[in-house]
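**Q** Dropping in entry.csv, with CSV, C-alpha atoms.
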chain,number,residue,atom,x,y,z
S,15,MET,CA,0.0,0.0,0.0
S,16,ARG,CA,2.8,2.4,0.8
S,17,ASN,CA,4.4,1.9,-2.6
S,18,LEU,CA,1.0,2.5,-4.2
S,19,PHE,CA,0.6,5.7,-2.3
S,20,LEU,CA,4.0,7.0,-3.2
S,21,ALA,CA,3.5,6.1,-6.9
S,22,LEU,CA,0.2,7.9,-7.0
S,23,SER,CA,1.8,10.9,-5.3
S,24,PHE,CA,4.3,11.3,-8.1
S,25,ILE,CA,1.5,11.0,-10.7
S,26,VAL,CA,-0.4,13.8,-8.9
S,27,ALA,CA,2.7,15.9,-8.6
S,28,GLY,CA,3.0,16.0,-12.3
S,29,ALA,CA,-0.6,16.9,-12.9
S,30,PRO,CA,-1.4,20.3,-14.4
S,31,SER,CA,-2.7,23.1,-12.0
S,32,ALA,CA,-5.2,24.5,-14.5
S,33,LEU,CA,-8.1,24.0,-12.1
S,34,ALA,CA,-6.6,26.4,-9.5
S,35,GLN,CA,-8.8,29.3,-10.8
S,36,ASP,CA,-11.8,27.4,-9.5
S,37,LEU,CA,-10.6,27.7,-5.9
S,38,PRO,CA,-12.5,29.8,-3.3
S,39,ARG,CA,-11.8,33.6,-3.5
S,40,TYR,CA,-11.7,35.7,-0.3
S,41,SER,CA,-11.7,39.4,0.3
S,42,PRO,CA,-9.7,41.1,3.1
S,43,GLY,CA,-11.9,42.0,6.0
S,44,GLU,CA,-14.5,39.2,5.6
S,45,VAL,CA,-15.1,37.1,8.7
S,46,PHE,CA,-16.4,33.6,9.5
S,47,ILE,CA,-17.5,32.8,13.1
S,48,PHE,CA,-18.1,29.2,14.2
S,49,ASP,CA,-20.3,27.8,17.0
S,50,ASN,CA,-17.4,27.3,19.4
S,51,GLY,CA,-16.5,31.0,19.2
S,52,ARG,CA,-13.7,30.4,16.6
S,53,VAL,CA,-13.1,33.5,14.5
S,54,GLU,CA,-11.5,33.4,11.0
S,55,GLU,CA,-10.8,36.8,9.6
S,56,VAL,CA,-9.2,37.4,6.2
S,57,ARG,CA,-6.3,39.8,6.6
S,58,ALA,CA,-4.7,39.7,3.2
S,59,THR,CA,-4.7,37.6,0.0
S,60,ASP,CA,-1.8,36.9,-2.4
S,61,GLY,CA,-3.0,34.7,-5.3
S,62,ASP,CA,-4.2,31.5,-3.7
S,63,ARG,CA,-2.4,32.2,-0.4
S,64,VAL,CA,-4.7,33.7,2.3
S,65,THR,CA,-3.5,35.3,5.6
S,66,TRP,CA,-6.0,34.7,8.3
S,67,SER,CA,-6.3,36.2,11.8
S,68,ALA,CA,-7.8,34.3,14.8
S,69,ARG,CA,-9.8,36.0,17.6
S,70,SER,CA,-6.6,36.1,19.7
S,71,GLY,CA,-4.9,38.2,16.9
S,72,ARG,CA,-2.6,35.3,15.9
S,73,THR,CA,-2.1,35.2,12.1
S,74,TYR,CA,-1.4,32.3,9.9
S,75,VAL,CA,-1.2,31.6,6.1
S,76,ARG,CA,-3.3,29.0,4.3
S,77,SER,CA,-4.0,28.0,0.8
S,78,SER,CA,-7.5,29.0,-0.3
S,79,ASN,CA,-8.0,25.3,-0.8
S,80,PRO,CA,-9.3,24.2,2.7
S,81,VAL,CA,-7.9,20.7,2.5
S,82,VAL,CA,-4.3,22.0,2.5
S,83,PRO,CA,-2.9,22.3,6.0
S,84,ILE,CA,-1.6,25.6,7.3
S,85,LEU,CA,1.4,26.8,5.3
S,86,GLU,CA,2.9,29.3,7.7
S,87,TRP,CA,2.3,30.0,11.4
S,88,SER,CA,3.8,31.5,14.5
S,89,PHE,CA,2.4,30.9,18.0
S,90,ARG,CA,3.6,30.7,21.5
S,91,GLY,CA,7.3,30.7,20.6
S,92,GLN,CA,6.9,28.2,17.8
S,93,ALA,CA,7.1,29.1,14.1
S,94,GLY,CA,6.7,26.8,11.1
S,95,GLU,CA,6.1,26.3,7.5
S,96,ARG,CA,5.0,23.5,5.1
S,97,GLN,CA,5.9,22.6,1.6
S,98,VAL,CA,3.2,20.9,-0.4
S,99,LEU,CA,4.3,18.1,-2.8
S,100,GLY,CA,1.6,17.2,-5.2
S,101,ASN,CA,-1.5,18.9,-6.6
S,102,PRO,CA,-4.3,19.1,-4.0
S,103,ASP,CA,-6.0,21.7,-6.1
S,104,GLY,CA,-6.9,18.9,-8.5
S,105,LEU,CA,-10.1,18.5,-6.4
S,106,TRP,CA,-11.4,21.7,-8.0
S,107,PRO,CA,-13.9,22.2,-9.5
S,108,LEU,CA,-15.6,20.0,-7.0
S,109,ARG,CA,-17.3,16.9,-8.2
S,110,GLN,CA,-18.5,13.7,-6.5
S,111,GLY,CA,-15.7,11.1,-6.7
S,112,GLY,CA,-12.9,13.5,-7.2
S,113,ASN,CA,-9.7,12.6,-5.2
S,114,VAL,CA,-6.1,13.6,-4.8
S,115,GLN,CA,-3.1,12.4,-2.8
S,116,PHE,CA,-0.3,14.7,-1.7
S,117,ARG,CA,2.5,15.1,0.8
S,118,THR,CA,3.6,17.9,3.1
S,119,ILE,CA,7.1,18.5,4.5
S,120,ASN,CA,6.7,20.3,7.8
S,121,ILE,CA,9.4,22.3,9.5
S,122,ALA,CA,8.7,23.6,13.0
S,123,ARG,CA,11.2,25.9,14.8
S,124,ASP,CA,11.6,27.0,18.4
S,125,GLU,CA,12.0,30.7,18.2
S,126,ALA,CA,14.0,30.9,21.4
S,127,THR,CA,16.6,28.2,20.6
S,128,GLY,CA,16.4,28.0,16.8
S,129,GLU,CA,16.0,24.3,17.0
S,130,ALA,CA,14.1,22.9,14.0
S,131,ARG,CA,12.0,19.7,13.7
S,132,ARG,CA,11.2,18.2,10.3
S,133,SER,CA,8.4,15.7,9.5
S,134,LEU,CA,6.5,14.3,6.6
S,135,HIS,CA,2.8,13.9,6.3
S,136,LEU,CA,0.9,11.9,3.7
S,137,TRP,CA,-2.7,12.9,2.7
S,138,ARG,CA,-5.5,11.4,0.7
S,139,CYS,CA,-8.6,13.5,0.0
S,140,GLY,CA,-11.9,12.7,-1.8
S,141,VAL,CA,-15.2,14.5,-2.6
S,142,GLY,CA,-18.4,12.8,-1.5
S,143,ARG,CA,-22.0,13.3,-2.5
S,144,MET,CA,-23.4,16.8,-1.9
S,145,GLU,CA,-25.3,17.0,1.5
S,146,ARG,CA,-27.6,19.5,3.1
S,147,ILE,CA,-25.9,20.7,6.2
S,148,SER,CA,-27.7,22.5,9.0
S,149,THR,CA,-25.8,25.1,11.0
S,150,PRO,CA,-26.7,28.0,13.3
S,151,ALA,CA,-26.1,30.3,10.2
S,152,GLY,CA,-28.6,28.4,8.2
S,153,ALA,CA,-28.8,25.2,6.0
S,154,PHE,CA,-26.5,24.9,3.0
S,155,ASP,CA,-25.8,22.4,0.2
S,156,ALA,CA,-22.2,21.4,0.7
S,157,TYR,CA,-19.7,18.9,-0.7
S,158,PRO,CA,-17.9,16.8,2.0
S,159,LEU,CA,-14.1,16.9,1.4
S,160,ARG,CA,-12.8,13.9,3.4
S,161,CYS,CA,-9.1,13.9,4.1
S,162,ASP,CA,-7.1,11.1,5.8
S,163,ARG,CA,-3.6,11.7,7.1
S,164,PHE,CA,-1.4,8.6,7.1
S,165,SER,CA,1.7,7.6,9.1
S,166,PRO,CA,4.7,7.6,6.6
S,167,SER,CA,6.1,4.6,8.4
S,168,SER,CA,3.1,2.3,8.9
S,169,MET,CA,0.5,3.9,6.5
S,170,ARG,CA,-2.0,3.8,9.4
S,171,VAL,CA,-4.6,6.5,9.3
S,172,LEU,CA,-3.8,9.0,12.1
S,173,GLU,CA,-6.3,11.7,11.5
S,174,ARG,CA,-9.5,12.2,9.5
S,175,ILE,CA,-10.8,15.7,8.6
S,176,THR,CA,-14.0,16.4,6.8
S,177,TRP,CA,-14.7,19.8,5.4
S,178,HIS,CA,-18.2,20.6,4.2
S,179,TYR,CA,-17.7,23.2,1.6
S,180,SER,CA,-20.6,25.4,0.4
S,181,ASP,CA,-20.3,27.3,-2.9
S,182,GLU,CA,-23.0,29.6,-1.7
S,183,VAL,CA,-20.9,30.7,1.3
S,184,GLY,CA,-17.6,30.4,-0.4
S,185,HIS,CA,-16.1,28.7,2.6
S,186,TYR,CA,-16.6,25.5,4.7
S,187,VAL,CA,-19.7,25.5,6.8
S,188,GLN,CA,-18.8,22.5,8.9
S,189,ARG,CA,-15.5,20.8,9.9
S,190,GLU,CA,-15.1,17.5,11.7
S,191,ALA,CA,-11.7,16.5,12.9
S,192,ARG,CA,-11.2,13.0,14.3
S,193,ASP,CA,-8.1,11.6,15.9
S,194,MET,CA,-8.1,8.0,14.7
S,195,ARG,CA,-5.7,6.9,17.5
S,196,ASN,CA,-8.1,7.7,20.3
S,197,GLY,CA,-11.4,8.4,18.6
S,198,GLU,CA,-11.7,12.0,19.9
S,199,THR,CA,-13.8,14.1,17.5
S,200,GLU,CA,-14.3,17.9,17.3
S,201,THR,CA,-17.1,19.3,15.1
S,202,ILE,CA,-17.6,23.0,14.4
S,203,ARG,CA,-20.4,24.7,12.4
S,204,LEU,CA,-20.8,28.1,10.9
S,205,PHE,CA,-22.5,30.6,13.2
S,206,ALA,CA,-22.2,33.8,11.2
S,207,GLN,CA,-20.5,35.2,8.1
S,208,LEU,CA,-19.7,38.9,8.0
S,209,ALA,CA,-18.9,41.1,5.0
S,210,PRO,CA,-15.9,43.5,5.5
S,211,ARG,CA,-18.3,46.5,6.0
S,212,GLU,CA,-20.0,44.6,8.9
S,213,ALA,CA,-16.9,43.2,10.6
S,214,ASN,CA,-15.9,45.8,13.2
S,215,PRO,CA,-14.1,44.4,16.3
S,216,LEU,CA,-17.0,45.0,18.7
S,217,ARG,CA,-19.5,43.2,16.4
S,218,ILE,CA,-17.1,40.3,16.0
S,219,GLU,CA,-16.5,39.9,19.7
S,220,THR,CA,-20.3,40.2,20.4
S,221,ILE,CA,-21.1,37.4,17.9
S,222,ALA,CA,-18.3,35.2,19.1
S,223,GLN,CA,-19.7,35.4,22.6
S,224,LEU,CA,-23.2,34.6,21.4
S,225,ALA,CA,-21.7,31.6,19.6
S,226,ARG,CA,-19.9,30.3,22.7
S,227,ASN,CA,-23.2,30.6,24.6
S,228,GLY,CA,-25.2,28.9,21.9
S,229,GLN,CA,-27.4,31.9,21.4
S,230,SER,CA,-28.1,31.8,17.7
S,231,ASP,CA,-31.6,33.4,18.2
S,232,ALA,CA,-30.0,36.5,19.6
S,233,MET,CA,-28.4,37.2,16.2
S,234,ARG,CA,-31.7,38.5,15.0
S,235,GLY,CA,-31.5,41.4,17.4
S,236,LEU,CA,-28.1,42.7,16.2
S,237,ASP,CA,-27.9,45.7,14.0
S,238,PRO,CA,-26.5,44.9,10.5
As a first step, turn the structure in this file into structure tokens.

**A**
Amino acid sequence: MRNLFLALSFIVAGAPSALAQDLPRYSPGEVFIFDNGRVEEVRATDGDRVTWSARSGRTYVRSSNPVVPILEWSFRGQAGERQVLGNPDGLWPLRQGGNVQFRTINIARDEATGEARRSLHLWRCGVGRMERISTPAGAFDAYPLRCDRFSPSSMRVLERITWHYSDEVGHYVQREARDMRNGETETIRLFAQLAPREANPLRIETIAQLARNGQSDAMRGLDP
């Protein structure tokens, strides 16, 4: 199985990237808030690279393709970057049955000591049948993008992430992350989407607090 995975990875790596123009497009200032209080705010875009800001103010860089892990980050004395080998953008435009395999080389550095750790992750992602997903922000038709992360030594599945992507929203409306080693699962759903003109700091914090308290009905009383 490992040899098959690596062989397919090289095939994918050589595939053309002509589908990249179908990836999601984001505008600086737009905000997505989830039902656990998570805030994702677009700070800047550079082609298919998007700089996001969390509620804490921490920033990180991702591909506009949600299945690609974070590309650059810095948090609590640790900084890191990832190099993607393969063509995960081959999933786009989304269609049931689409699939890709790719690898990431991950380098994490201790900012105090300069010590660096390097690791390899293997990913396989596929597109399932479109589903109707109910969230506090409403119900949306969304494609499930299911991604498994494999151990490079044993090929055991270590992690499974499912992103439910809605073309109407232009972002994922639900994400389920499962640790396959212990079965722990975390699911978050879209609580609110704010256009740049609506996304002032006070409004973001107010909605995040409502999300943490499970008060979706209170959204109706907020000024636009």

**Q** Enumerate, in order of chain and increasing residue number, the residues of range 20-124 of chain S with an atom no farther than 9 Å from range 195-202 of chain S, each with its shortest atom pair and distance in Å to one decimal, counting all atoms listed in the file, as a Markdown table.

**A**
| residue | atom | partner | partner_atom | distance |
| --- | --- | --- | --- | --- |
| S:Phe48 | CA | S:Ile202 | CA | 6.2 |
| S:Asp49 | CA | S:Ile202 | CA | 6.1 |
| S:Asn50 | CA | S:Ile202 | CA | 6.6 |
| S:Arg52 | CA | S:Ile202 | CA | 8.6 |

**Q** Would you compute the distance between CA of Arg189 in chain S and CA of Met169 in chain S? Give it in Å to one decimal.

**A** 23.5 Å

**Q** Counting all atoms listed in the file, which of S:Leu85, S:Ala206, S:Val53, S:Leu105 gets nearest to Ile121 in chain S?

**A**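 For Ile121 in chain S, the nearest of the given residues is S:Leu85.
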
**Q** Name all residues at most 10 Å from Met144 in chain S (count all atoms listed in the file; drop same-chain ones fewer than 3 positions away) and give them as a list in words.

**A** Leu108, Arg109, Gln110, Val141, Ile147, Phe154, Asp155, Ala156, Tyr157, Pro158, Leu159, His178, Tyr179 and Ser180 of chain S

**Q** Counting all atoms listed in the file, which of S:Asp162, S:Pro38, S:Ile175, S:Arg69 gets nearest to Gln223 in chain S?

**A**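 Counting all atoms listed in the file, the residue closest to Gln223 in chain S is S:Arg69.
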
**Q** Would you pick out the contacts of Ala222 in chain S at 7 Å or less, using only C-alpha atoms, so that residues sharing its chain but fewer than 3 positions from it are not included, and give the list as a ChimeraX atom specification?

**A** /S:47,51,218-219,225-226

**Q** Rounded to one decimal place, report the CA of Pro83 in chain S-CA of Gly104 in chain S distance in Å.

**A** 15.4 Å

**Q** Counting only C-alpha atoms, which residue out of S:Ser133, S:Ser88, S:Arg192, S:Ala213 sits closest to Ser165 in chain S?

**A**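 For Ser165 in chain S, the nearest of the given residues is S:Ser133.
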
**Q** Have a look at S:Ala130, S:Leu99, S:Val75, S:Val82 and name the one nearest to Ala58 in chain S; count all atoms listed in the file.

**A**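 So, comparing all the options, the nearest one is S:Val75.
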
**Q** With all atoms listed in the file as the atoms that count, which of S:Glu190, S:Glu95, S:Asp60, S:Glu182 lies nearest to Ser78 in chain S?

**A**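 Under the stated criterion, the closest residue is S:Asp60.
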
**Q** Go through S:Thr127, S:Ser70, S:Ser168, S:Gln229 and flag the residue nearest Ala151 in chain S, using all atoms listed in the file for the distances.

**A**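 Ranked by minimum distance to Ala151 in chain S, first place goes to S:Gln229.
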